[in-house]
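One structure below.
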Amino acid sequence: MLEISDLSKRYGPVVALDGATLAVRPGRLVGFLGPNGAGKTTTMRCIFGLARPDRGSITWQGAPIDRAHRLRFGYMPEQRGLYPRMKVADQLSYFAQQHGMPSGAAKAATSRWLDALGLADRSGARLEALSHGNQQRVQLGAALVHDPELLVLDEPFSGLDPLGIATMTAILRERAGAGVGVVFSSHQLDLVEDVCEDVVIINRGRIVAAGGIDELRSASDRRHLEVEVTGNGNAWLAGRTDLTVMERAGDFARLLVPADLDLGAVLAAASAAGPVARFSFQPPTLSELFMEVVQS
Amino acid sequence: MSRRRAIWLVARRELLERGRSRAFALSLVVSVGLIVAGIIVPSLISSGPGTERLGIVGPAPVGLVDGIEATARQAGLTIVAEPVPDLPAAETRLTDGTLDAALAFPPDGSIPTYVVKTRGNALLQQVVVASFSPAPQIGFRELQPSDPNRDTSFLFANVGVILLFISIFTFGTWVLTGVVEEKQSRVVEVVLSTVEARDLLIGKVLGIGILGLVQLVVMITAGLVAGTTTGRFSLPPTTGASVTMLLLWFILGYVFYSTALGVLGALASRMEEASNASSPVSFIAMAGYFFSLLVALNDPAGTAARIATFVPPVAPMVVPLRAALGAIEPWEVVGSAILMCAAIWVLFVVGGRIYTGAVLQTGARMRLRDAWRTSGRAG
């Protein structure tokens, strides 16, 4: 398990991290969310020793992280980059060896991963000769080729087409299924909600929400209520101050309400106004949750 | 995994990727071509056909001069023979170069003497000797006895400095561009997630240095083979020592300059900034090069050359030059090498910290001071 606690980092006057604490468990897919500049990339760079925290600790299996641990991690940085003129297979084999694999095992792992990524026929091509999407796949390959126990991916989905997103999702799920801890950052919240079990939301260098997506949603003190009263034109809502109207169209209304709202009373009021065609009470989506915690 | 293996993997990648590159093949072909041409072309010019002036002192046998001129024509050589009043006059004209050789016949009819200033034209001498019949009995004299080893030493010193400068600078620049390429392509972030910044620099310097050493050995071998087969020079007994000195000082000079260039390369974000960032080091290297060829070569045991021996950036070119000319004390070589190693160590400690601080920074070109501060406790 990777545990980050009280991580703080300043760049001159800019506070990048302000006591961030989070954990990545084996076999879990963690979405690392936050607005631009919230500290996601800095956190990831601290894990790999590419940035040096001013305060705080990062431990792996309980021990302070060092170079030997990092060899068992895989990293895909936000700023993609590989050797443009190096052949694809040579490149992956080189990174596998830099992670401690003997030459033979590195070559075997390279061809296995090139197969899995659908790049077997491009193994002898120079990286710069590949399309953008295929270069992205090689970049993922460089993070995966040494069978890491922890995967840290900075915006792995950015720039991918739907097919690429599907491949990436399948690979991340498969890795997590094999017991690898996976943490990745993303701005595509619907995708994260679909792929991840856990999320960590960071804002201005602090963790503002962390846990299972379902638990976080139900722990929210707000709910979404969708009501449709046929023929009423939302007249029944007039004068109700406990309900915040987020959207109204004809007979339909989407409302933001407290979690402890007396649903029976609301349903009774709606029924009194006319036939109720829809009445749905839902916890907020991840996107809504995100907006809530980031804007508060 | 050990740091040593990480360094070796970096070095091996540089060796394989660059060793197979067209740039290396081209560099090898061009440098060997230049050195072979540099050795063969002058020897073609000096042994080519021309007009040789032969002075005749005293009573020459009847028909000898005609015979010499006829033999010369067959050999493709034009000899103009002219009478000279006496031997001192001939010696004066040999010294000032208005005669190439003189043939002196003593009045008493004893054996004639063939006189040259120093190491005359071998073909001229053969023609003159062949014109005597019966079998020649001729004395030979050099006004200024030649020392073929001294001439060869001068050539070695001269060519050695040029080879060193080209090698150090070519491969030092490869380190510079390699560092900038890694930074520009952002691959450095992936590499540094497993490799320490310092080890990446060491591996890069090592791998490219091995290529540089290979090229230098090839150039020296080609030069020596070309020189001996064309008769430009014969190998003096000090050849082994001179070559060893060249290789040793290539290693020291290359490590020094390539480290400095690699560190400065880390300050640049794009290739266009690299030459700008490296200009102070290029300037120092050029100054050392011209100092060696213009000052140290003419007065290898002089005060300026002795001082330069202990100035690390200049020493890699001055010391092998002085050694090739036999104008350096052993203690000076040892002292200079120790000082050079110390300079490399200091450069590595200081430069390693700057490199570490700068290589992950993107955006505008970094200032030295910021890079030093950024790496902070990493130093």
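By order in the structure tokens, chains are A, B, ...; within a chain, residues start at 1; ligands start at 1, following the order shown.
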Which residues of chain B sit at most 9 Å from chain A, using only C-alpha atoms? Give each one's shortest atom pair and distance in Å (one decimal place), in chain and ascending residue order, as CSV.
residue,atom,partner,partner_atom,distance
B:Met1,CA,A:Gly100,CA,5.4
B:Ser2,CA,A:Gly100,CA,8.7
B:Arg5,CA,A:Gln98,CA,8.3
B:Ala6,CA,A:Gln98,CA,6.1
B:Leu9,CA,A:Gln98,CA,7.0
B:Val10,CA,A:Gln98,CA,8.4
B:Arg13,CA,A:Tyr94,CA,7.7
B:Glu17,CA,A:Met86,CA,7.2
B:Glu181,CA,A:Tyr83,CA,8.4
B:Glu182,CA,A:Tyr83,CA,7.3
B:Gln184,CA,A:Gly81,CA,8.7
B:Ser185,CA,A:Gly81,CA,5.3
B:Arg186,CA,A:Gly81,CA,4.5
B:Val187,CA,A:Gly81,CA,4.1
B:Val188,CA,A:Gly81,CA,7.6
B:Glu189,CA,A:Pro77,CA,7.0
B:Val190,CA,A:Pro77,CA,6.9
B:Val191,CA,A:Phe95,CA,7.7
B:Leu192,CA,A:Leu50,CA,7.1
B:Ser193,CA,A:Phe48,CA,5.2
B:Thr194,CA,A:Leu71,CA,5.9
B:Val195,CA,A:Gln98,CA,7.4
B:Glu196,CA,A:Arg67,CA,8.6
B:Leu360,CA,A:Leu50,CA,7.5
B:Ser375,CA,A:Arg52,CA,8.7
B:Arg377,CA,A:Arg52,CA,8.8
B:Ala378,CA,A:Arg52,CA,8.7
Keeping C-alpha atoms, export the residues of the selection given above as a PDB file, in the first residue's frame.
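What landed in result_32.pdb:
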ATOM      1  CA  MET B   1      19.267  -2.763  -8.861  1.00  0.00           C
ATOM      2  CA  SER B   2      22.640  -1.180  -8.343  1.00  0.00           C
ATOM      3  CA  ARG B   5      23.962  -1.128 -13.540  1.00  0.00           C
ATOM      4  CA  ALA B   6      21.735   1.903 -14.073  1.00  0.00           C
ATOM      5  CA  LEU B   9      22.411   0.808 -19.028  1.00  0.00           C
ATOM      6  CA  VAL B  10      22.393   4.533 -19.792  1.00  0.00           C
ATOM      7  CA  ARG B  13      21.926   2.946 -24.727  1.00  0.00           C
ATOM      8  CA  GLU B  17      21.840   4.294 -30.386  1.00  0.00           C
ATOM      9  CA  GLU B 181      17.067  16.291 -26.454  1.00  0.00           C
ATOM     10  CA  GLU B 182      16.061  14.357 -23.346  1.00  0.00           C
ATOM     11  CA  GLN B 184      12.995  18.731 -24.923  1.00  0.00           C
ATOM     12  CA  SER B 185      11.327  15.375 -25.608  1.00  0.00           C
ATOM     13  CA  ARG B 186      10.388  15.186 -21.889  1.00  0.00           C
ATOM     14  CA  VAL B 187      11.652  11.617 -21.718  1.00  0.00           C
ATOM     15  CA  VAL B 188      13.881  12.748 -18.885  1.00  0.00           C
ATOM     16  CA  GLU B 189      10.896  12.623 -16.517  1.00  0.00           C
ATOM     17  CA  VAL B 190      10.339   8.937 -17.286  1.00  0.00           C
ATOM     18  CA  VAL B 191      14.045   8.140 -17.038  1.00  0.00           C
ATOM     19  CA  LEU B 192      14.510  10.011 -13.776  1.00  0.00           C
ATOM     20  CA  SER B 193      11.627   8.136 -12.159  1.00  0.00           C
ATOM     21  CA  THR B 194      14.113   5.250 -11.879  1.00  0.00           C
ATOM     22  CA  VAL B 195      17.581   6.692 -12.526  1.00  0.00           C
ATOM     23  CA  GLU B 196      19.270   9.327 -10.362  1.00  0.00           C
ATOM     24  CA  LEU B 360      13.438  18.629 -14.738  1.00  0.00           C
ATOM     25  CA  SER B 375      18.151  21.079  -6.228  1.00  0.00           C
ATOM     26  CA  ARG B 377      19.078  19.409  -0.326  1.00  0.00           C
ATOM     27  CA  ALA B 378      19.765  17.159  -3.258  1.00  0.00           C
TER      28      ALA B 378
END
Taking the DSSP secondary structure from the backbone, can you list the residues of range 14-206 of chain B that are alpha helix (DSSP H), as a VMD selection string?
chain B and resid 14 to 19 22 to 46 64 to 74 87 to 96 122 to 130 148 to 184 187 to 191 197 to 206
Just the residues within 12 Å of Gln282 in chain A, please, counting only C-alpha atoms, with nothing from its chain fewer than 2 positions along; format it as a ChimeraX atom specification.
/A:214,217-227,254-259,263,279-280,284-286,288
Using backbone DSSP assignments, extract all strand (DSSP E) residues from range 115-360 of chain B; output them as a PyMOL selection string.
chain B and resi 115-116+139-142
Store the residues picked out above, limited to C-alpha atoms, as a PDB file, in the first residue's frame.
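The file below, part-v9.pdb, is the result:
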ATOM      1  CA  VAL B 115      76.162  18.357 -49.317  1.00  0.00           C
ATOM      2  CA  VAL B 116      72.650  19.322 -48.268  1.00  0.00           C
ATOM      3  CA  GLY B 139      80.804  11.378 -49.250  1.00  0.00           C
ATOM      4  CA  PHE B 140      77.623  12.795 -47.688  1.00  0.00           C
ATOM      5  CA  ARG B 141      77.291  15.734 -45.396  1.00  0.00           C
ATOM      6  CA  GLU B 142      74.438  17.593 -43.793  1.00  0.00           C
TER       7      GLU B 142
END
What is the CA of Arg206 in chain A-CA of Gly19 in chain A distance in Å, reported with one decimal?
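CA of Gly19 in chain A lies 6.1 Å from CA of Arg206 in chain A.
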Calculated over only C-alpha atoms, which of the candidates A:Leu153, A:Leu191, A:Val145, A:Val182 has the smallest distance to Ser93 in chain A?
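Ranking A:Leu153, A:Leu191, A:Val145, A:Val182 by distance to Ser93 in chain A, first place goes to A:Val145.
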Can you measure CA of Tyr355 in chain B to CA of Gly19 in chain B for me? One decimal in Å is fine.
24.9 Å
